[in-house]
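Enquirer: Have a look at this one.
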Amino acid sequence: MKPVRKAIFPVAGLGTRFLPATKAMPKEMLPVVDRPLIQHVVDEAHEAGIEHCIFITGRNKNIIEDHFDRQFELEVTLIERGKNADLELLKDDLPEAGGTSFTRQQSPLGLGHAVWCARDLVGDEPFAVILPDVLVKNPKGCLAQMMEAARDLDDKANIIAVEEVPMDRIHMYGVVGVGKTKGKAFEVTQMVEKPKAKDAPSNLSITGRYILQPELFEVLSSQAAGAGGEIQLTDAMLTLAKSQPFYGFKFDGRSYDCGSKIGFLTANVAYGLDREDLAQEFRSEIERILSGK
């Protein structure tokens with residue numbers, strides 16, 4: 001496989017499950033401890049060697065673009081107050097010049113349509129797709145693990161991150177069928193969107209991380225609307241799977257669906273307890289709340 005240098009971040013969603021918090025602020029800017037969701041997933045991409053981050057935005061999402069730019073007034077204030085550690089933190093998070101691109105998805109036509117909007121920015125090379133409302137917590141990030149697995153696969157391989165879910169919740173996810181093992185991955189024999197438990201080909205759900213081949217854009221260009229009247233990425237992958245291999249990769253770590261309130265709150269607890277500067281006091285506060293004191 002050619003090197004995967006570019007990653008697409010679909011960030012055009014309205015975040016209605018978090019209203020009123022997301023009325024004026026993108027859900028991708030909601031903080032998990034002290035870093036926005038979007039910063040967590042960009043960190044994961046950079047760890048995996050991604051050189052160019054492509055954001056598919058919508059109206060009222062300019063704050064995301066501002067987050068990945070310099071804020072001169074803030075920097076001057078930090079310098080005047082001698083807050084050098086905070087200044088270095090901001091510099092460390094700043095992408096390299098030319099390392100980010102932003103393009104608009106003018107209408108909410110689905111994840112597949114959002115990915116298609118990046119076709120000219122990606123060009124003719126494999127690319128990653130990272131859903132910003134899914135965090136994967138592990139010492140080695142999910143995408144970096146997928147990159148390692150890709151070394152053992154075909155030049156035109158497509159890879160989907162998967163994880164086990166309880167069968168009583170399987171109807172909430174896209175689910176894959178499991179074929180022969182190849183290296184750290186396995187052949188995907190089926191992709192079924194939100195099946196009933198009795199019809200599910202496995203208990204492995206698709207988990208917001210993909211490495212895909214550029215031929216997908218051609219499929220998406222003529223992809224008919226699917227569930228919800230939207231252009232679904234899964235439908236396009238099913239079409240591409242007729243001519244290219246798809247593999248599933250069961251990653252190490254735990255995912256947090258930060259598009260849901262419970263997942264978001266759980267992620268804050270997990271990431272907070274993992275911070276040396278916060279863990280002891282934070283744990284004491286949680287125990288105090290649970291004990292009713």
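Quick note on naming: the chains in the structure tokens go A, B, ... in the order shown, residues restart at 1 in each chain, and ligands are numbered from 1 in order of appearance.
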List every residue of stretch 153-253 of chain A that DSSP, applied to the backbone of this structure, places in alpha helix (DSSP H), and write the result as a list of chain:residue names.

Expert: A:Glu215, A:Leu216, A:Phe217, A:Glu218, A:Val219, A:Leu220, A:Ser221, A:Leu233, A:Thr234, A:Asp235, A:Ala236, A:Met237, A:Leu238, A:Thr239, A:Leu240

Enquirer: Output the selection as a CSV table (one decimal), in the first residue's frame - C-alpha atoms for each residue.

Expert:
chain,number,residue,atom,x,y,z
A,215,GLU,CA,-11.4,4.5,-6.0
A,216,LEU,CA,-14.1,5.0,-3.4
A,217,PHE,CA,-14.6,8.5,-4.6
A,218,GLU,CA,-15.7,7.3,-8.0
A,219,VAL,CA,-18.2,5.0,-6.3
A,220,LEU,CA,-19.5,7.9,-4.1
A,221,SER,CA,-19.9,10.1,-7.2
A,233,LEU,CA,-20.4,5.4,3.4
A,234,THR,CA,-21.2,1.8,4.2
A,235,ASP,CA,-23.2,1.5,0.9
A,236,ALA,CA,-20.3,2.8,-1.1
A,237,MET,CA,-17.9,0.4,0.7
A,238,LEU,CA,-20.1,-2.5,-0.1
A,239,THR,CA,-19.9,-1.5,-3.8
A,240,LEU,CA,-16.2,-1.1,-3.7

Enquirer: Give me the residues near A:Asp155 as a VMD selection string, where near means some atom within 8 Å (using only C-alpha atoms) and where sequence neighbours in that chain fewer than 2 positions away do not count.

Expert: chain A and resid 1 to 2 153 157

Enquirer: Taking only C-alpha atoms into account, which of A:Glu125, A:Asp168, A:Asp274, A:Glu28 comes nearest A:Ala197?

Expert: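 Between A:Glu125, A:Asp168, A:Asp274, A:Glu28, the residue approaching A:Ala197 most closely is A:Asp168.
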
Enquirer: Between atom CA of A:Pro245 and atom CA of A:Gln223, what distance in Å does the model show, to one decimal?

Expert: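 According to the coordinates, atom CA of A:Pro245 and atom CA of A:Gln223 are separated by 19.1 Å.
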
Enquirer: Measure the distance from atom CA of A:Ala24 to atom CA of A:Asn60 in Å and round it to one decimal.

Expert: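 Value for the atom CA of A:Ala24-atom CA of A:Asn60 distance: 7.4 Å.
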
Enquirer: Hey, what's within 10 Å of A:Ala7 if we count only C-alpha atoms and toss same-chain stuff fewer than 4 positions away? As a ChimeraX atom specification, please?

Expert: /A:42,45-46,50-55,100,118,122,126-130,210-211

Enquirer: Could you go through stretch 36-234 of chain A and tell me which residues DSSP, when run on the backbone, assigns to strand (DSSP E), listing them as number ranges by chain?

Expert: A: 36, 52-57, 100-104, 127-130, 134-137, 158-164, 174-182, 185-193, 204-212

Enquirer: With 10 Å as the cut-off and only C-alpha atoms counted, what is the closest atom pair between each nearby residue of stretch 69-149 of chain A and stretch 266-270 of chain A? Distances in Å to one decimal, ordered by chain and number, as a tab-separated table.

Expert:
residue	atom	partner	partner_atom	distance
A:Val134	CA	A:Ala267	CA	9.8
A:Leu135	CA	A:Ala267	CA	7.9
A:Val136	CA	A:Ala267	CA	9.4
A:Lys137	CA	A:Ala270	CA	8.6

Enquirer: Could you write those residues out with C-alpha atoms, as a JSON list (two decimals), in the first residue's frame?

Expert:
[["chain", "number", "residue", "atom", "x", "y", "z"],
["A", 134, "VAL", "CA", -15.28, 8.53, 18.60],
["A", 135, "LEU", "CA", -12.25, 8.52, 20.88],
["A", 136, "VAL", "CA", -10.07, 5.43, 21.22],
["A", 137, "LYS", "CA", -7.99, 5.40, 24.40]]

Enquirer: Would you mind listing what lies within 8 Å of A:Leu78 as an mmCIF file with C-alpha atoms, in the first residue's frame, with only C-alpha atoms counted and same-chain residues fewer than 6 positions away left out?

Expert:
data_model
loop_
_atom_site.group_PDB
_atom_site.id
_atom_site.type_symbol
_atom_site.label_atom_id
_atom_site.label_comp_id
_atom_site.auth_asym_id
_atom_site.auth_seq_id
_atom_site.Cartn_x
_atom_site.Cartn_y
_atom_site.Cartn_z
ATOM 1 C CA ASN A 84 5.652 30.013 29.160
ATOM 2 C CA ASP A 86 0.923 27.430 28.362
ATOM 3 C CA LEU A 87 2.567 29.175 25.409
#

Enquirer: Excluding same-chain residues fewer than 4 positions from stretch 34-38 of chain A, what lies within 12 Å of it counting only C-alpha atoms, as an MDAnalysis selection string?

Expert: chainID A and resid 8:11 25:30 42:45 53:55 61 63:65 67:68 89:90 93 130:136 256:259 264 267:268 271:272 275 278

Enquirer: Taking only C-alpha atoms into account, which of A:Gly177, A:Pro20, A:Pro139, A:Gly226 comes nearest A:Asp252?

Expert: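 Among A:Gly177, A:Pro20, A:Pro139, A:Gly226, it is A:Pro139 that comes nearest to A:Asp252.
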
Enquirer: From the options A:Leu273, A:Leu74, A:Asn62, A:Val192, which residue's atoms come nearest to A:Ile286, counting only C-alpha atoms?

Expert: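 Under the stated criterion, the closest residue is A:Leu273.
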
Enquirer: State, in Å with one decimal place, the distance from atom CA of A:Lys182 to atom CA of A:Asp152.

Expert: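 We find that atom CA of A:Lys182 and atom CA of A:Asp152 lie 7.4 Å from each other.
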
Enquirer: Pick the closest to A:Gln145 from A:Asp124, A:Glu163, A:Glu47, A:Glu230: which is it, counting only C-alpha atoms?

Expert: A:Glu47

Enquirer: Excluding A:Lys23 and any residue of its chain fewer than 5 positions from it, enumerate the residues within 12 Å of it, using only C-alpha atoms, and give them as a PyMOL selection string.

Expert: chain A and resi 13-18+30+59-61

Enquirer: I need the residue nearest A:Gly229 from this list: A:Gly253, A:Gly183, A:Pro108, A:Pro195. Use only C-alpha atoms for the distance.

Expert: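 For A:Gly229, the nearest of the given residues is A:Pro108.
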
Enquirer: Considering only C-alpha atoms, can you say which of A:Ala150, A:Ile170, A:Cys142, A:Leu212 comes closest to A:Lys198?

Expert: A:Ile170
